[in-house]
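Engineer: Just work18.cif, nothing more (mmCIF, C-alpha atoms and all ligand atoms):
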```cif
data_my_file
#
loop_
_atom_site.label_atom_id
_atom_site.label_comp_id
_atom_site.auth_asym_id
_atom_site.auth_seq_id
_atom_site.Cartn_x
_atom_site.Cartn_y
_atom_site.Cartn_z
CA MET Q 1 55.07 119.01 84.44
CA LYS Q 2 55.89 122.28 82.69
CA THR Q 3 58.44 122.34 79.92
CA ILE Q 4 60.62 125.39 79.62
CA ASN Q 5 61.35 126.23 76.02
CA CYS Q 6 62.42 129.08 73.77
CA GLU Q 7 59.00 130.66 73.99
CA THR Q 8 59.43 130.77 77.76
CA ILE Q 9 62.79 132.48 77.34
CA ARG Q 10 61.36 135.05 74.94
CA ASN Q 11 58.60 135.88 77.42
CA GLU Q 12 61.05 136.06 80.31
CA LEU Q 13 63.31 138.35 78.28
CA THR Q 14 60.45 140.74 77.63
CA GLU Q 15 59.67 140.80 81.34
CA SER Q 16 63.33 141.12 82.40
CA SER Q 17 64.48 143.62 79.79
CA ASP Q 18 64.18 146.74 81.99
CA GLU Q 19 66.02 145.05 84.81
CA ILE Q 20 68.86 143.75 82.62
CA ARG Q 21 69.19 147.21 81.05
CA ARG Q 22 69.33 148.79 84.52
CA LEU Q 23 72.00 146.33 85.65
CA ARG Q 24 74.08 146.97 82.55
CA GLU Q 25 73.87 150.74 82.98
CA ASP Q 26 74.78 150.52 86.67
CA ILE Q 27 77.81 148.32 85.92
CA HIS Q 28 78.81 150.47 82.95
CA SER Q 29 78.78 153.67 84.97
CA HIS Q 30 80.90 152.11 87.76
CA PRO Q 31 83.80 150.47 85.92
CA GLU Q 32 86.54 148.86 87.99
CA LEU Q 33 89.99 147.74 86.89
CA GLY Q 34 91.31 144.19 87.13
CA ASN Q 35 91.27 142.60 90.62
CA ASN Q 36 89.54 145.70 92.02
CA GLU Q 37 86.01 144.81 90.93
CA PHE Q 38 84.72 145.02 94.51
CA ARG Q 39 81.57 147.03 93.84
CA THR Q 40 80.76 144.91 90.80
CA ALA Q 41 81.29 141.68 92.74
CA ASP Q 42 79.08 142.96 95.60
CA LEU Q 43 76.36 143.86 93.10
CA ILE Q 44 76.61 140.42 91.46
CA GLU Q 45 76.50 138.57 94.77
CA SER Q 46 73.54 140.47 96.14
CA TYR Q 47 71.64 140.08 92.87
CA LEU Q 48 72.29 136.34 92.68
CA ASN Q 49 71.39 135.93 96.35
CA SER Q 50 68.11 137.77 95.71
CA LEU Q 51 67.38 135.08 93.11
CA ASP Q 52 68.14 132.42 95.73
CA ILE Q 53 71.34 131.41 93.95
CA THR Q 54 74.16 130.52 96.33
CA THR Q 55 77.44 132.37 95.83
CA LYS Q 56 81.04 131.97 96.76
CA ARG Q 57 83.65 134.73 96.57
CA VAL Q 58 87.21 133.76 95.66
CA LEU Q 59 90.35 135.74 94.74
CA GLY Q 60 88.89 138.85 96.36
CA THR Q 61 86.56 139.79 93.51
CA ALA Q 62 85.65 136.60 91.61
CA VAL Q 63 82.11 135.31 92.13
CA ILE Q 64 80.89 131.77 91.58
CA GLY Q 65 77.11 131.28 91.67
CA THR Q 66 75.48 127.87 91.75
CA LEU Q 67 71.91 127.12 90.73
CA ARG Q 68 70.75 123.58 91.42
CA GLY Q 69 67.99 122.20 89.24
CA LYS Q 70 65.40 120.00 90.85
CA THR Q 71 66.34 116.77 89.14
CA GLY Q 72 70.11 116.85 89.39
CA GLY Q 73 72.05 115.75 86.33
CA ARG Q 74 74.76 117.51 84.39
CA THR Q 75 76.39 120.77 85.35
CA VAL Q 76 76.98 123.55 82.85
CA ALA Q 77 79.09 126.65 83.50
CA LEU Q 78 78.63 130.11 81.98
CA ARG Q 79 81.33 132.73 82.24
CA ALA Q 80 81.36 136.53 82.14
CA ASP Q 81 84.39 138.75 82.60
CA MET Q 82 83.77 141.92 84.58
CA ASP Q 83 86.84 144.15 84.58
CA ALA Q 84 87.17 147.53 82.86
CA LEU Q 85 90.03 149.36 81.14
CA PRO Q 86 92.14 152.41 82.02
CA LEU Q 87 90.51 154.78 79.52
CA THR Q 88 88.42 157.92 79.81
CA GLU Q 89 84.98 157.45 78.30
CA ILE Q 90 83.78 159.89 75.64
CA THR Q 91 80.64 158.10 74.43
CA GLY Q 92 78.31 160.78 75.76
CA ALA Q 93 76.01 158.10 77.19
CA ASP Q 94 73.64 159.04 80.04
CA PHE Q 95 75.13 156.19 82.00
CA ALA Q 96 78.77 156.93 81.10
CA SER Q 97 81.54 156.10 83.55
CA VAL Q 98 81.51 158.24 86.67
CA TYR Q 99 85.19 157.46 87.24
CA ALA Q 100 87.71 159.44 85.18
CA GLY Q 101 90.27 157.17 83.58
CA LYS Q 102 88.21 153.99 83.90
CA MET Q 103 85.80 152.67 81.33
CA HIS Q 104 83.99 149.56 80.21
CA ALA Q 105 85.45 149.75 76.71
CA CYS Q 106 85.52 146.00 76.04
CA GLY Q 107 81.85 145.21 76.74
CA HIS Q 108 82.43 143.37 80.01
CA ASP Q 109 79.54 145.39 81.48
CA VAL Q 110 77.33 143.76 78.83
CA HIS Q 111 78.76 140.29 79.54
CA THR Q 112 78.17 140.66 83.29
CA ALA Q 113 74.62 142.04 82.98
CA ALA Q 114 73.77 139.34 80.41
CA LEU Q 115 74.91 136.60 82.76
CA LEU Q 116 72.83 138.08 85.58
CA GLY Q 117 69.89 138.14 83.15
CA ALA Q 118 70.44 134.48 82.31
CA ALA Q 119 70.58 133.72 86.04
CA ARG Q 120 67.25 135.47 86.54
CA ILE Q 121 65.55 133.52 83.73
CA LEU Q 122 66.99 130.16 84.69
CA SER Q 123 66.38 130.57 88.43
CA ALA Q 124 62.70 131.30 87.75
CA HIS Q 125 62.51 127.86 86.13
CA ARG Q 126 64.87 125.90 88.36
CA ASP Q 127 62.32 123.14 88.90
CA GLU Q 128 62.31 122.45 85.18
CA LEU Q 129 66.11 122.30 84.81
CA GLU Q 130 67.52 118.82 84.40
CA GLY Q 131 70.85 119.72 85.91
CA ASN Q 132 72.81 122.52 87.52
CA VAL Q 133 74.19 125.84 86.33
CA VAL Q 134 77.37 127.51 87.57
CA PHE Q 135 77.78 131.24 86.91
CA LEU Q 136 81.38 132.38 86.74
CA PHE Q 137 82.20 136.07 87.11
CA GLU Q 138 85.86 136.51 86.29
CA PRO Q 139 88.12 139.39 87.36
CA ASP Q 140 91.11 140.83 85.55
CA GLU Q 141 90.56 139.31 82.10
CA GLU Q 142 92.35 142.29 80.55
CA GLY Q 143 95.36 141.89 82.81
CA ARG Q 144 96.96 138.67 83.92
CA GLY Q 145 93.66 136.88 83.41
CA GLY Q 146 91.43 135.50 86.13
CA ALA Q 147 90.44 132.23 84.45
CA ALA Q 148 93.43 130.10 85.42
CA ARG Q 149 93.29 131.38 89.00
CA MET Q 150 89.55 130.66 89.25
CA ILE Q 151 90.13 127.14 87.97
CA LYS Q 152 92.75 126.65 90.67
CA GLU Q 153 90.08 127.69 93.17
CA GLY Q 154 87.93 124.82 91.87
CA CYS Q 155 85.35 126.85 89.94
CA LEU Q 156 84.94 124.15 87.27
CA GLU Q 157 84.90 121.11 89.54
CA GLY Q 158 82.03 118.92 88.40
CA ALA Q 159 81.30 121.04 85.32
CA ASP Q 160 80.51 119.01 82.19
CA ALA Q 161 80.57 121.95 79.76
CA VAL Q 162 81.40 125.64 79.73
CA PHE Q 163 80.18 128.53 77.57
CA GLY Q 164 81.13 132.19 77.26
CA ALA Q 165 80.70 135.14 74.94
CA HIS Q 166 82.13 138.46 73.80
CA VAL Q 167 80.56 141.46 72.12
CA THR Q 168 82.02 142.44 68.75
CA PRO Q 169 81.82 145.49 66.48
CA ASP Q 170 82.06 143.13 63.49
CA LEU Q 171 78.50 141.74 63.55
CA PRO Q 172 75.12 143.48 63.29
CA SER Q 173 73.57 144.40 66.63
CA GLY Q 174 72.43 141.36 68.60
CA LYS Q 175 73.46 138.83 65.97
CA ILE Q 176 75.16 135.73 67.35
CA GLY Q 177 78.35 134.53 65.63
CA VAL Q 178 79.66 131.03 66.20
CA MET Q 179 83.03 129.63 65.19
CA TYR Q 180 83.92 125.95 64.85
CA GLY Q 181 87.42 124.94 65.95
CA LYS Q 182 90.29 127.43 66.24
CA PHE Q 183 88.98 130.85 67.18
CA TYR Q 184 91.38 132.97 69.29
CA ALA Q 185 95.16 132.84 69.27
CA ALA Q 186 97.41 131.52 71.98
CA SER Q 187 99.75 134.20 73.22
CA ASP Q 188 103.37 133.77 74.20
CA THR Q 189 106.04 136.37 74.88
CA PHE Q 190 109.81 136.17 74.66
CA ARG Q 191 112.96 138.00 75.64
CA ILE Q 192 116.38 137.16 74.25
CA VAL Q 193 119.58 138.48 75.74
CA VAL Q 194 122.49 138.21 73.29
CA ASN Q 195 125.97 138.42 74.73
CA GLY Q 196 129.01 139.00 72.50
CA ARG Q 197 132.15 140.98 73.22
CA ALA Q 198 132.40 144.72 72.74
CA SER Q 199 135.35 146.17 70.91
CA HIS Q 200 136.44 149.33 69.09
CA GLY Q 201 134.15 149.88 66.12
CA ALA Q 202 137.17 150.01 63.85
CA VAL Q 203 138.64 146.76 65.16
CA ARG Q 204 135.79 144.38 64.70
CA GLU Q 205 137.98 141.28 64.65
CA LYS Q 206 138.73 141.78 68.35
CA GLY Q 207 135.12 141.43 69.41
CA ILE Q 208 131.85 139.58 68.80
CA ASP Q 209 129.07 141.76 67.43
CA ALA Q 210 125.96 141.11 69.53
CA LEU Q 211 123.90 143.64 67.59
CA ALA Q 212 124.62 141.96 64.24
CA ALA Q 213 123.67 138.57 65.72
CA ALA Q 214 120.45 140.03 67.11
CA VAL Q 215 119.55 141.53 63.74
CA GLU Q 216 120.09 138.15 62.10
CA MET Q 217 117.81 136.60 64.73
CA VAL Q 218 115.09 139.16 64.03
CA THR Q 219 115.15 138.40 60.31
CA ALA Q 220 115.10 134.64 60.83
CA LEU Q 221 112.38 134.77 63.49
CA LEU Q 222 110.08 136.94 61.37
CA ALA Q 223 110.22 134.30 58.63
CA LEU Q 224 109.21 131.45 60.97
CA PRO Q 225 105.39 131.70 60.82
CA GLY Q 226 105.32 131.06 57.07
CA GLN Q 227 107.65 128.09 57.47
CA ILE Q 228 105.72 126.47 60.32
CA THR Q 229 102.05 126.69 59.45
CA ASP Q 230 99.48 127.51 56.79
CA ASP Q 231 97.22 128.88 59.54
CA LYS Q 232 97.42 132.49 60.60
CA CYS Q 233 100.44 132.91 62.87
CA VAL Q 234 102.21 136.04 64.03
CA LEU Q 235 105.64 136.74 65.45
CA THR Q 236 106.57 140.33 66.23
CA VAL Q 237 109.80 141.65 67.70
CA GLY Q 238 108.50 144.76 69.40
CA LYS Q 239 111.60 145.92 71.17
CA MET Q 240 115.35 145.89 70.60
CA ASN Q 241 118.09 147.43 72.72
CA SER Q 242 121.74 147.50 71.83
CA GLY Q 243 124.75 149.73 71.65
CA THR Q 244 126.10 152.75 73.50
CA ALA Q 245 128.09 154.78 70.96
CA GLU Q 246 128.73 154.96 67.23
CA ASN Q 247 132.33 153.76 67.52
CA ILE Q 248 131.75 150.81 69.85
CA MET Q 249 130.78 147.44 68.44
CA PRO Q 250 128.11 146.25 70.89
CA GLY Q 251 128.77 143.27 73.10
CA PHE Q 252 125.16 143.13 74.24
CA ALA Q 253 121.74 143.14 72.62
CA GLU Q 254 118.26 142.42 73.86
CA LEU Q 255 115.09 141.53 71.94
CA GLU Q 256 111.49 141.27 73.15
CA GLY Q 257 108.40 140.20 71.28
CA ILE Q 258 105.21 138.18 71.01
CA ILE Q 259 104.13 135.01 69.26
CA ARG Q 260 100.47 134.35 68.45
CA THR Q 261 99.40 130.93 67.21
CA LEU Q 262 96.19 129.00 66.55
CA GLY Q 263 95.89 125.57 68.14
CA SER Q 264 98.25 123.75 70.47
CA GLU Q 265 100.20 121.97 67.71
CA THR Q 266 101.27 125.18 65.99
CA ARG Q 267 102.00 126.72 69.35
CA ALA Q 268 104.39 123.91 70.24
CA ALA Q 269 105.96 123.88 66.77
CA MET Q 270 106.64 127.61 66.89
CA GLU Q 271 108.18 127.36 70.33
CA GLU Q 272 110.52 124.59 69.19
CA ALA Q 273 111.48 126.46 65.99
CA PHE Q 274 112.03 129.67 67.95
CA HIS Q 275 114.53 128.08 70.32
CA ARG Q 276 116.29 126.18 67.51
CA THR Q 277 116.62 129.31 65.34
CA VAL Q 278 118.02 131.48 68.12
CA ARG Q 279 120.51 128.84 69.24
CA GLU Q 280 121.70 128.13 65.69
CA ILE Q 281 122.41 131.82 65.07
CA ALA Q 282 124.11 132.16 68.44
CA GLU Q 283 126.36 129.25 67.62
CA LYS Q 284 127.16 130.57 64.16
CA THR Q 285 127.97 134.08 65.41
CA GLY Q 286 129.88 133.03 68.53
CA THR Q 287 127.43 134.79 70.83
CA THR Q 288 125.74 133.29 73.87
CA VAL Q 289 122.07 133.74 74.53
CA VAL Q 290 119.69 133.69 77.48
CA ILE Q 291 116.10 133.03 76.40
CA GLU Q 292 112.99 133.76 78.44
CA TYR Q 293 109.88 132.25 76.88
CA ASN Q 294 106.59 132.83 78.66
CA HIS Q 295 103.29 131.09 77.97
CA SER Q 296 100.37 133.43 78.32
CA HIS Q 297 96.75 132.66 77.35
CA PRO Q 298 96.27 129.26 75.70
CA GLY Q 299 93.97 130.36 72.86
CA ILE Q 300 90.44 129.26 72.15
CA VAL Q 301 89.63 126.10 70.22
CA ASN Q 302 85.87 125.54 70.27
CA ASN Q 303 84.39 122.07 70.61
CA ASP Q 304 82.40 121.17 67.46
CA GLU Q 305 79.49 119.52 69.26
CA MET Q 306 79.08 122.40 71.72
CA THR Q 307 79.37 124.94 68.89
CA ALA Q 308 76.61 123.16 66.98
CA LEU Q 309 74.52 123.24 70.16
CA ALA Q 310 75.04 127.00 70.52
CA GLU Q 311 74.28 127.61 66.85
CA LYS Q 312 71.02 125.68 67.14
CA ALA Q 313 70.08 127.41 70.41
CA ALA Q 314 70.60 130.81 68.76
CA ALA Q 315 68.56 129.84 65.71
CA ASP Q 316 65.72 128.58 67.91
CA LEU Q 317 65.68 131.76 69.94
CA PHE Q 318 66.34 134.42 67.29
CA GLY Q 319 65.57 132.66 64.00
CA ASP Q 320 68.05 131.56 61.34
CA GLU Q 321 68.86 135.17 60.47
CA GLY Q 322 69.87 135.80 64.10
CA VAL Q 323 72.96 133.63 63.90
CA CYS Q 324 75.92 133.23 61.54
CA ARG Q 325 79.25 131.50 61.28
CA ILE Q 326 82.24 133.79 61.78
CA ASP Q 327 84.58 134.12 58.76
CA GLY Q 328 87.83 133.18 60.38
CA PRO Q 329 89.86 133.15 63.58
CA THR Q 330 91.28 136.21 65.28
CA MET Q 331 94.85 136.73 66.44
CA THR Q 332 93.67 138.56 69.55
CA THR Q 333 93.58 136.71 72.85
CA GLU Q 334 91.03 135.80 75.51
CA ASP Q 335 91.67 133.71 78.58
CA PHE Q 336 88.41 131.77 78.14
CA GLY Q 337 90.64 129.13 76.54
CA CYS Q 338 91.75 128.17 80.08
CA PHE Q 339 88.19 127.01 80.81
CA LEU Q 340 88.03 125.09 77.53
CA ASN Q 341 91.12 123.15 78.59
CA GLU Q 342 89.05 121.84 81.52
CA ALA Q 343 85.68 121.11 79.90
CA PRO Q 344 84.20 121.02 76.39
CA GLY Q 345 82.43 124.17 75.37
CA THR Q 346 82.31 127.06 72.98
CA PHE Q 347 82.79 130.81 72.93
CA TYR Q 348 80.42 132.87 70.79
CA HIS Q 349 80.24 136.48 69.70
CA ILE Q 350 77.31 138.86 69.71
CA GLY Q 351 77.11 141.99 67.55
CA ALA Q 352 77.52 145.17 69.60
CA GLY Q 353 75.72 147.46 67.15
CA CYS Q 354 78.64 149.86 67.52
CA GLU Q 355 81.36 150.02 64.89
CA GLU Q 356 83.87 151.79 67.11
CA PRO Q 357 86.72 149.43 67.97
CA LEU Q 358 86.96 147.53 71.24
CA HIS Q 359 89.26 149.28 73.73
CA SER Q 360 88.41 152.73 72.35
CA SER Q 361 86.96 155.62 74.37
CA THR Q 362 83.93 155.63 72.07
CA PHE Q 363 82.96 151.94 72.23
CA LEU Q 364 79.35 151.63 73.40
CA PRO Q 365 77.28 148.52 72.60
CA ASP Q 366 73.54 148.94 71.99
CA ASP Q 367 71.14 148.93 74.90
CA ASP Q 368 69.53 145.59 74.18
CA VAL Q 369 72.66 143.53 73.51
CA ALA Q 370 72.92 142.41 77.15
CA ILE Q 371 69.27 141.38 77.06
CA LYS Q 372 69.74 139.29 73.92
CA LEU Q 373 72.94 137.74 75.23
CA GLY Q 374 71.18 136.83 78.49
CA GLY Q 375 68.54 135.02 76.44
CA MET Q 376 71.20 133.30 74.36
CA HIS Q 377 73.00 132.02 77.47
CA ALA Q 378 69.71 130.72 78.90
CA ALA Q 379 68.86 129.00 75.61
CA VAL Q 380 72.27 127.33 75.50
CA VAL Q 381 71.88 126.05 79.06
CA LEU Q 382 68.44 124.66 78.32
CA ARG Q 383 69.56 122.96 75.17
CA TYR Q 384 72.52 121.48 77.01
CA LEU Q 385 70.72 120.31 80.14
CA ASN Q 386 67.28 119.41 78.84
CA LYS Q 387 67.77 118.44 75.25
CA ILE Q 388 70.85 116.29 75.24
CA LYS Q 389 68.41 113.61 76.35
CA PRO Q 390 66.13 111.98 73.74
CA LEU Q 391 63.77 114.44 72.08
CA ILE Q 392 60.67 112.49 72.91
CA GLU Q 393 59.75 112.15 76.54
CA GLU Q 394 56.84 110.48 78.27
CA ILE Q 395 54.90 113.01 80.26
CA SER Q 396 51.97 111.76 82.35
CA GLY Q 397 51.30 108.95 79.94
CA GLU Q 398 51.31 111.31 76.95
CA THR Q 399 54.13 111.60 74.47
CA ALA Q 400 55.35 115.14 73.99
CA VAL Q 401 58.03 116.68 71.87
CA ILE Q 402 60.16 119.00 73.93
CA ASP Q 403 60.54 122.17 71.96
CA LEU Q 404 64.00 123.54 72.62
ZN ZN X 1 89.44 143.66 75.96
ZN ZN X 2 87.02 141.75 76.47
#
```
Starting from the file, lay out its structure as structure tokens.
Structural biologist:
Amino acid sequence: MKTINCETIRNELTESSDEIRRLREDIHSHPELGNNEFRTADLIESYLNSLDITTKRVLGTAVIGTLRGKTGGRTVALRADMDALPLTEITGADFASVYAGKMHACGHDVHTAALLGAARILSAHRDELEGNVVFLFEPDEEGRGGAARMIKEGCLEGADAVFGAHVTPDLPSGKIGVMYGKFYAASDTFRIVVNGRASHGAVREKGIDALAAAVEMVTALLALPGQITDDKCVLTVGKMNSGTAENIMPGFAELEGIIRTLGSETRAAMEEAFHRTVREIAEKTGTTVVIEYNHSHPGIVNNDEMTALAEKAAADLFGDEGVCRIDGPTMTTEDFGCFLNEAPGTFYHIGAGCEEPLHSSTFLPDDDVAIKLGGMHAAVVLRYLNKIKPLIEEISGETAVIDL
């Protein structure tokens, strides 16, 4: 019996590097916006099928690939997002976007090509896999998010763990960054309609000043994060509408904003404090309020055991210098947290080798980042499926240490 190990992955990566690079360049030059990733999904399906991986298309452009190992066992899922952004590319790359106004400026081309690379490596060794691998290609991450909708379609049924990744300008090229625990913020949005009673600006006692009440709400709401948590936490009122003329005391005001929190406890505490604060001020000022509070992405809280597994897989594959622990959480959002609500797992970063910010017209990760990320995904799968068992295994009467 052969044993697939990190050496195998390194060799496979060398052999696959041209192909993964070609896939990445093809996807990069044909960016598609959320829920319109038809060409990308076709490319993914035909590539996976060529590897003898079965595929299922859901939601129009989402692709779920399933690779069954010979021995059965656990099932591990890997996820890549594949949508692009409405930007015009000015990187000057040979393989720059051929579509004006659309660009892979968030590295999803790299994520998709890397996952195809991992599929290639793992499918070549399917007989040595002690379990199954599910490849999730998610549409519309930048928009409404495809994760929750894919889960509703059953993409994680039977999955015991789930892993995903994102490129980052904040790490050296190809370096893996892991984060234990809280990593990405949960995102909620709100809208408050404040109703008072308009009156002549010189006869304030005849009315109820909705604008003044709204201003008081803004001040109180902005102070909430510091009162609720020691973790990072953000509340921003991004929009306020009120008033029609200088001599009319407004009877109506409207506020809109966002709340970003780390972890479900802080998220719930902020929501409770938000409602309490707005209602208290409404009562005090004699206004009435209508509150809309919308839960968006749930945030990412990585599982410690799975994060340790990813850290070790990266160190085995790239050496200790190829992996680091990320300094602290980010207040940006990612809908990978939806998957983590269904199965334990972890989300890691990989250095893009490009210091331009994500979502800029000049963001262009290095050529070999998709190749390295493909290797990382494969190493994580192997460590999860083949190494969670005891380290020593009897092989044909001999005792061998499985090197993963
Ligand atoms: Zn993005
Ligand atoms: Zn992204």
Engineer: Would you please work out which residue, of Q:Ile4, Q:Leu358, Q:Ala370, Q:Ala77, is nearest to His125 in chain Q when using only C-alpha atoms?
Structural biologist: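 For His125 in chain Q, the nearest of the candidates is Q:Ile4.
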Engineer: Using only C-alpha atoms, pick whichever of Q:Thr307, Q:Asn49, Q:Thr288, Q:Ser173 has the shortest atom-to-atom distance to Gly196 in chain Q.
Structural biologist: Q:Thr288
Engineer: Identify, counting all atoms listed in the file, the protein, DNA and RNA residues located within 7 Å of ligand ZN 1 (chain X), and give them as a ChimeraX atom specification.
Structural biologist: /Q:106,142,358-359
Engineer: With only C-alpha atoms and all ligand atoms counted, collect every polymer residue having an atom within 9 Å of ligand ZN 2 (chain X); state the result as a PDB file with C-alpha atoms, keeping the file's coordinate frame.
Structural biologist:
```pdb
ATOM      1  CA  ASP Q  81      84.390 138.750  82.600  1.00  0.00           C
ATOM      2  CA  MET Q  82      83.770 141.920  84.580  1.00  0.00           C
ATOM      3  CA  ASP Q  83      86.840 144.150  84.580  1.00  0.00           C
ATOM      4  CA  ALA Q  84      87.170 147.530  82.860  1.00  0.00           C
ATOM      5  CA  ALA Q 105      85.450 149.750  76.710  1.00  0.00           C
ATOM      6  CA  CYS Q 106      85.520 146.000  76.040  1.00  0.00           C
ATOM      7  CA  GLY Q 107      81.850 145.210  76.740  1.00  0.00           C
ATOM      8  CA  HIS Q 108      82.430 143.370  80.010  1.00  0.00           C
ATOM      9  CA  HIS Q 111      78.760 140.290  79.540  1.00  0.00           C
ATOM     10  CA  GLU Q 141      90.560 139.310  82.100  1.00  0.00           C
ATOM     11  CA  GLU Q 142      92.350 142.290  80.550  1.00  0.00           C
ATOM     12  CA  HIS Q 166      82.130 138.460  73.800  1.00  0.00           C
ATOM     13  CA  VAL Q 167      80.560 141.460  72.120  1.00  0.00           C
ATOM     14  CA  GLU Q 334      91.030 135.800  75.510  1.00  0.00           C
ATOM     15  CA  LEU Q 358      86.960 147.530  71.240  1.00  0.00           C
ATOM     16  CA  HIS Q 359      89.260 149.280  73.730  1.00  0.00           C
TER      17      HIS Q 359
END
```
Engineer: Counting all atoms listed in the file, which residue out of Q:Gly345, Q:Pro298, Q:Gly286, Q:Gly353 sits closest to Phe163 in chain Q?
Structural biologist: Q:Gly345
Engineer: Which residues are close to Ala165 in chain Q, i.e. within 7 Å by all atoms listed in the file, leaving aside same-chain residues fewer than 3 positions away? Reply as a ChimeraX atom specification.
Structural biologist: /Q:347-349
Engineer: Output C-alpha atoms for every residue in the selection just made, as a tab-separated table (two decimals), in the frame of the given file.
Structural biologist:
```tsv
chain	number	residue	atom	x	y	z
Q	347	PHE	CA	82.79	130.81	72.93
Q	348	TYR	CA	80.42	132.87	70.79
Q	349	HIS	CA	80.24	136.48	69.70
```
